[in-house]
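One structure is given below, encoded as structure tokens.
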Amino acid sequence: MKNMSSPFTLPNGSILKNRIAKSAMSENFGTRNHAPSKGLINAYRVWAKGNPGLLITGNVMVDSRALGEARNVVVEDYKDFDLLKEWARSVDGTGVHIWPQINHPGRQAFAAINRQTVAPSAIPLKMGGISKMFRVPIALTEDAIWDIIKRFGTTARILKEAGFTGCQIHAAHGYLVSQFLSPRSNVRTDQWGGSTANRARFVLEIYREIRRQVGADYPIGIKINSADFQRGGFTEEASMEVIRLLGDEGIDLIEISGGTYEQPAMIKGDRKKSTIAREAYFLDYIKKARKLIKTPLLLTGGFRSVSVMENALEEGHLDVVGLARPFCLYPNLANQIFDGSVEKFEAPVPKIGIKLFDKIGGVELPWYELQIQRIGKGKSPKVELLGILAFIFSLKSLFFKSFRKNR
Ligand SMILES: Cc1cc2nc3c(=O)[nH]c(=O)nc-3n(C[C@H](O)[C@H](O)[C@H](O)COP(=O)(O)O)c2cc1C
């Protein structure tokens, strides 16, 4: 396990104690008022004891008017500062890094839980029978764009002050930053749309604003799509161009993923047999990225076998291995890699047999969220948990939030 257990020094001097990262998973486990719950904080205590080098939290929203899920944590001011400090302290004594992932959902915001939806352009999501769960977004004005950029910086700064050891910008999976990057969702004709450089302006300004607010030495990472895997979307070539620009700016860690709500490649890969066989969905991309930039690289999506992770590191394609779903079923995952007790971390795909929902992860994602909630409540993960329960849980959380919103 030489490579997996070896420390990694980021360009700014921060040290990850090994090469294993828990990738961001929206826990949907904040309080009704979007503070971190005690259970959420406890889940991070459990994960920290498992000894990965880095824990990236589920997405923390920059604006309470724009939620991805009903129980997202939102950080826009100091009102929950004590709880944020407690969350940051969940890793105390372990040497594990904890970075919040910072996000704005843009048009991927359920109508039931948001009063208004904004995006780069007024282009709705195309999700077949469930498109109506999302509003046609309002195109952001110049002032509103700068307000959101500022919010990313403010959220990162407050979280830094609370004790988080770095942060990650969520620029992947079809959320707002990713919407700006994609010509399918961004048809603006001003300085924020058109060329790749213009579409990348939003993420670059977010990076600069965070840097301005957190200082030169603080680690800032980003999660970005290798591609959207949609016709007319964000291409591999454009993605390469954007990571090059981010590398030039001095970003500390780039995590590669892919897909959107419309095309959820982040949890399925490109579905080619060859991709499934070799596990890591976006390996081909990262090999090319490695040649293009010097910035440290983290790859997430599909890793299950220790030998595959070890091999990817040994070949030098990446610096840190990211895993998400396996952490929900094996909270002690890094320790189990190092003591050799597990070779393959199986992560099932629960379904309910309704194609529309199964296809987009409408059962799978809440099923894994429920596993996180079990961990936070001091219970063991439960592989035999029924998919239908997870589906009901997700509908229930939307319904209750919608009820509160409309009162
Ligand atoms: C329940 C759940 C919630 C997720 N939430 C997020 C999120 O908030 N931010 C993010 O970047 N990715 C999110 N993802 C995607 C994962 O970080 C990861 O990219 C994907 O699951 C592939 O990795 P895996 O094969 O190791 O699970 C989520 C995945 C799951 C299963």
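Going through the structure tokens in order, the chains are called A, B, and so on, while each chain numbers its residues from 1 and the ligands are numbered from 1 in the order shown.
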Per-residue DSSP, stretch 297-387 of chain A, filtered to strand (DSSP E), as a list in words:
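The residues of stretch 297-387 of chain A classed as strand (DSSP E) are Leu297, Leu298, Leu299, Thr300, Val320, Val321, Gly322 and Leu323 of chain A.
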Output file for the residues above (N, CA and C atoms, as a PDB file, in the first residue's frame):
ATOM      1  N   LEU A 297      -4.101  16.318  -9.222  1.00  0.00           N
ATOM      2  CA  LEU A 297      -5.364  15.801  -9.759  1.00  0.00           C
ATOM      3  C   LEU A 297      -5.971  14.735  -8.848  1.00  0.00           C
ATOM      4  N   LEU A 298      -7.280  14.843  -8.711  1.00  0.00           N
ATOM      5  CA  LEU A 298      -8.066  13.890  -7.931  1.00  0.00           C
ATOM      6  C   LEU A 298      -9.107  13.322  -8.899  1.00  0.00           C
ATOM      7  N   LEU A 299      -9.225  12.011  -8.927  1.00  0.00           N
ATOM      8  CA  LEU A 299     -10.187  11.395  -9.842  1.00  0.00           C
ATOM      9  C   LEU A 299     -11.243  10.637  -9.045  1.00  0.00           C
ATOM     10  N   THR A 300     -12.506  10.886  -9.379  1.00  0.00           N
ATOM     11  CA  THR A 300     -13.627  10.239  -8.677  1.00  0.00           C
ATOM     12  C   THR A 300     -14.597   9.631  -9.678  1.00  0.00           C
ATOM     13  N   VAL A 320      -4.580  11.755  -6.073  1.00  0.00           N
ATOM     14  CA  VAL A 320      -5.480  11.362  -4.995  1.00  0.00           C
ATOM     15  C   VAL A 320      -6.653  10.597  -5.612  1.00  0.00           C
ATOM     16  N   VAL A 321      -7.061   9.518  -4.934  1.00  0.00           N
ATOM     17  CA  VAL A 321      -8.185   8.705  -5.397  1.00  0.00           C
ATOM     18  C   VAL A 321      -9.442   9.148  -4.655  1.00  0.00           C
ATOM     19  N   GLY A 322     -10.488   9.479  -5.401  1.00  0.00           N
ATOM     20  CA  GLY A 322     -11.746   9.903  -4.767  1.00  0.00           C
ATOM     21  C   GLY A 322     -12.784   8.790  -4.798  1.00  0.00           C
ATOM     22  N   LEU A 323     -13.462   8.601  -3.690  1.00  0.00           N
ATOM     23  CA  LEU A 323     -14.576   7.641  -3.635  1.00  0.00           C
ATOM     24  C   LEU A 323     -15.752   8.306  -2.955  1.00  0.00           C
TER      25      LEU A 323
END
Just the residues within 9 Å of A:Gly362, please, counting only C-alpha atoms, with nothing from its chain fewer than 5 positions along; format it as a list of chain:residue names.
A:Lys351, A:Leu356, A:Phe357, A:Trp367, A:Ala390, A:Phe391, A:Ser394
Nearby residues, ligand 1, 6 Å, only C-alpha atoms and all ligand atoms, as a ChimeraX atom specification
/A:23-26,58-59,170,257,266-267,300-303,323-325,365-366,368-369
How about saving the chosen residues, N, CA and C atoms kept, as a PDB file, in the first residue's frame?
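Resulting contents of part19.pdb:
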ATOM      1  N   SER A  23     -15.204  11.844  -1.629  1.00  0.00           N
ATOM      2  CA  SER A  23     -15.732  12.870  -2.514  1.00  0.00           C
ATOM      3  C   SER A  23     -17.053  13.413  -1.937  1.00  0.00           C
ATOM      4  N   ALA A  24     -17.449  14.586  -2.428  1.00  0.00           N
ATOM      5  CA  ALA A  24     -18.651  15.233  -1.878  1.00  0.00           C
ATOM      6  C   ALA A  24     -19.899  14.384  -2.108  1.00  0.00           C
ATOM      7  N   MET A  25     -20.708  14.247  -1.068  1.00  0.00           N
ATOM      8  CA  MET A  25     -22.045  13.654  -1.235  1.00  0.00           C
ATOM      9  C   MET A  25     -23.036  14.495  -0.462  1.00  0.00           C
ATOM     10  N   SER A  26     -24.002  15.030  -1.171  1.00  0.00           N
ATOM     11  CA  SER A  26     -25.040  15.813  -0.536  1.00  0.00           C
ATOM     12  C   SER A  26     -25.741  14.909   0.471  1.00  0.00           C
ATOM     13  N   GLY A  58     -20.613  17.251   1.629  1.00  0.00           N
ATOM     14  CA  GLY A  58     -21.667  17.413   0.629  1.00  0.00           C
ATOM     15  C   GLY A  58     -21.854  18.891   0.344  1.00  0.00           C
ATOM     16  N   ASN A  59     -22.459  19.201  -0.775  1.00  0.00           N
ATOM     17  CA  ASN A  59     -22.499  20.623  -1.188  1.00  0.00           C
ATOM     18  C   ASN A  59     -23.187  21.520  -0.155  1.00  0.00           C
ATOM     19  N   HIS A 170     -17.827  23.707  -6.455  1.00  0.00           N
ATOM     20  CA  HIS A 170     -18.535  22.687  -7.249  1.00  0.00           C
ATOM     21  C   HIS A 170     -18.810  23.263  -8.635  1.00  0.00           C
ATOM     22  N   SER A 257     -14.788  14.757 -12.724  1.00  0.00           N
ATOM     23  CA  SER A 257     -16.005  13.949 -12.723  1.00  0.00           C
ATOM     24  C   SER A 257     -16.679  14.143 -14.081  1.00  0.00           C
ATOM     25  N   MET A 266     -21.903  11.024 -13.710  1.00  0.00           N
ATOM     26  CA  MET A 266     -21.092  10.983 -12.481  1.00  0.00           C
ATOM     27  C   MET A 266     -21.308   9.701 -11.695  1.00  0.00           C
ATOM     28  N   ILE A 267     -22.517   9.119 -11.804  1.00  0.00           N
ATOM     29  CA  ILE A 267     -22.759   7.879 -11.061  1.00  0.00           C
ATOM     30  C   ILE A 267     -22.827   6.660 -11.982  1.00  0.00           C
ATOM     31  N   THR A 300     -12.506  10.886  -9.379  1.00  0.00           N
ATOM     32  CA  THR A 300     -13.627  10.239  -8.677  1.00  0.00           C
ATOM     33  C   THR A 300     -14.597   9.631  -9.678  1.00  0.00           C
ATOM     34  N   GLY A 301     -15.173   8.512  -9.297  1.00  0.00           N
ATOM     35  CA  GLY A 301     -16.207   7.897 -10.129  1.00  0.00           C
ATOM     36  C   GLY A 301     -15.835   6.471 -10.492  1.00  0.00           C
ATOM     37  N   GLY A 302     -16.428   5.514  -9.789  1.00  0.00           N
ATOM     38  CA  GLY A 302     -16.298   4.115 -10.180  1.00  0.00           C
ATOM     39  C   GLY A 302     -15.239   3.302  -9.466  1.00  0.00           C
ATOM     40  N   PHE A 303     -14.284   3.933  -8.793  1.00  0.00           N
ATOM     41  CA  PHE A 303     -13.242   3.148  -8.111  1.00  0.00           C
ATOM     42  C   PHE A 303     -13.871   2.207  -7.085  1.00  0.00           C
ATOM     43  N   LEU A 323     -13.462   8.601  -3.690  1.00  0.00           N
ATOM     44  CA  LEU A 323     -14.576   7.641  -3.635  1.00  0.00           C
ATOM     45  C   LEU A 323     -15.752   8.306  -2.955  1.00  0.00           C
ATOM     46  N   ALA A 324     -16.954   7.926  -3.385  1.00  0.00           N
ATOM     47  CA  ALA A 324     -18.148   8.481  -2.752  1.00  0.00           C
ATOM     48  C   ALA A 324     -19.011   7.360  -2.185  1.00  0.00           C
ATOM     49  N   ARG A 325     -19.811   6.668  -3.037  1.00  0.00           N
ATOM     50  CA  ARG A 325     -20.752   5.666  -2.521  1.00  0.00           C
ATOM     51  C   ARG A 325     -20.114   4.635  -1.579  1.00  0.00           C
ATOM     52  N   LEU A 365     -29.584   7.890  -5.156  1.00  0.00           N
ATOM     53  CA  LEU A 365     -28.998   8.976  -4.362  1.00  0.00           C
ATOM     54  C   LEU A 365     -29.613   9.057  -2.968  1.00  0.00           C
ATOM     55  N   PRO A 366     -30.968   9.085  -2.848  1.00  0.00           N
ATOM     56  CA  PRO A 366     -31.520   9.093  -1.483  1.00  0.00           C
ATOM     57  C   PRO A 366     -31.189   7.844  -0.680  1.00  0.00           C
ATOM     58  N   TYR A 368     -28.338   6.271  -0.707  1.00  0.00           N
ATOM     59  CA  TYR A 368     -27.014   6.511  -0.106  1.00  0.00           C
ATOM     60  C   TYR A 368     -27.086   7.622   0.950  1.00  0.00           C
ATOM     61  N   GLU A 369     -27.954   8.595   0.724  1.00  0.00           N
ATOM     62  CA  GLU A 369     -28.131   9.639   1.761  1.00  0.00           C
ATOM     63  C   GLU A 369     -28.631   9.013   3.063  1.00  0.00           C
TER      64      GLU A 369
END
Pick out the residues sitting within 9 Å of stretch 335-343 of chain A, and hand them over as a PyMOL selection string; count only C-alpha atoms, and ignore anything fewer than 6 positions along from it in its own chain.
chain A and resi 1+4-5+49-52+304-307
Would you please work out which residue, of A:Asp63, A:Cys167, A:Gly93, A:Pro326, is nearest to A:Thr117 when using only C-alpha atoms?
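Among the listed residues, the smallest separation from A:Thr117 belongs to A:Asp63.
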With DSSP run on the backbone, what are the helix (DSSP H, G or I) residues within stretch 316-355 of chain A? I'd like them as a list of chain:residue names.
A:Arg325, A:Pro326, A:Phe327, A:Cys328, A:Leu329, A:Leu333, A:Ala334, A:Asn335, A:Gln336, A:Ile337, A:Phe338, A:Lys355
Can you write out the residues you just picked, keeping C-alpha atoms, as a tab-separated table (two decimals), in the first residue's frame?
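Written file, part_31.tsv:
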chain	number	residue	atom	x	y	z
A	325	ARG	CA	-20.75	5.67	-2.52
A	326	PRO	CA	-18.33	3.17	-0.94
A	327	PHE	CA	-17.86	5.59	1.99
A	328	CYS	CA	-21.58	5.22	2.79
A	329	LEU	CA	-21.26	1.47	3.28
A	333	LEU	CA	-12.69	2.49	4.24
A	334	ALA	CA	-9.16	3.92	4.33
A	335	ASN	CA	-8.20	1.85	7.38
A	336	GLN	CA	-9.56	-1.23	5.62
A	337	ILE	CA	-7.39	-0.49	2.60
A	338	PHE	CA	-4.30	-0.07	4.73
A	355	LYS	CA	-37.46	3.62	-15.28
What's the 6 Å shell around A:Asn225, counting only C-alpha atoms, without same-chain residues fewer than 5 positions away, as a list in words?
Ala172, Ile256, Ser257 and Gly258 of chain A
How close does stretch 24-102 of chain A get to stretch 376-384 of chain A? List, as a Markdown table, each residue of stretch 24-102 of chain A within 7 Å, its nearest atom pair and the distance in Å to one decimal, counting only C-alpha atoms.
| residue | atom | partner | partner_atom | distance |
| --- | --- | --- | --- | --- |
| A:Gly39 | CA | A:Gly376 | CA | 4.4 |
| A:Leu40 | CA | A:Gly376 | CA | 5.6 |
| A:Asn42 | CA | A:Gly376 | CA | 4.9 |
| A:Ala43 | CA | A:Gly376 | CA | 3.9 |
List as a Markdown table every residue of stretch 152-237 of chain A that is in contact with stretch 12-22 of chain A, defined as an atom at most 9 Å from one of its atoms (using only C-alpha atoms), together with the nearest atom pair and the distance in Å rounded to one decimal, sorted by chain and then rising number.
| residue | atom | partner | partner_atom | distance |
| --- | --- | --- | --- | --- |
| A:Thr165 | CA | A:Ser14 | CA | 8.9 |
| A:Ala216 | CA | A:Asn12 | CA | 8.2 |
| A:Asp217 | CA | A:Asn12 | CA | 5.6 |
| A:Tyr218 | CA | A:Asn12 | CA | 7.2 |
| A:Pro219 | CA | A:Asn12 | CA | 6.8 |
Rounded to one decimal place, report the atom CA of A:Thr295-atom CA of A:Gly247 distance in Å.
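Computed distance, atom CA of A:Thr295 to atom CA of A:Gly247, equals 5.7 Å.
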For stretch 396-407 of chain A, list every protein, DNA or RNA residue within 12 Å, evaluated using only C-alpha atoms, and leave out those in the same chain fewer than 3 positions away; present the list as a PyMOL selection string.
chain A and resi 28-34+64-65+67-72+109-116+133+366+369-370+389-393
Pick the closest to A:Gln108 from A:Arg45, A:His173, A:Lys79, A:Arg244: which is it, counting only C-alpha atoms?
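Of all the options, A:His173 lies closest to A:Gln108.
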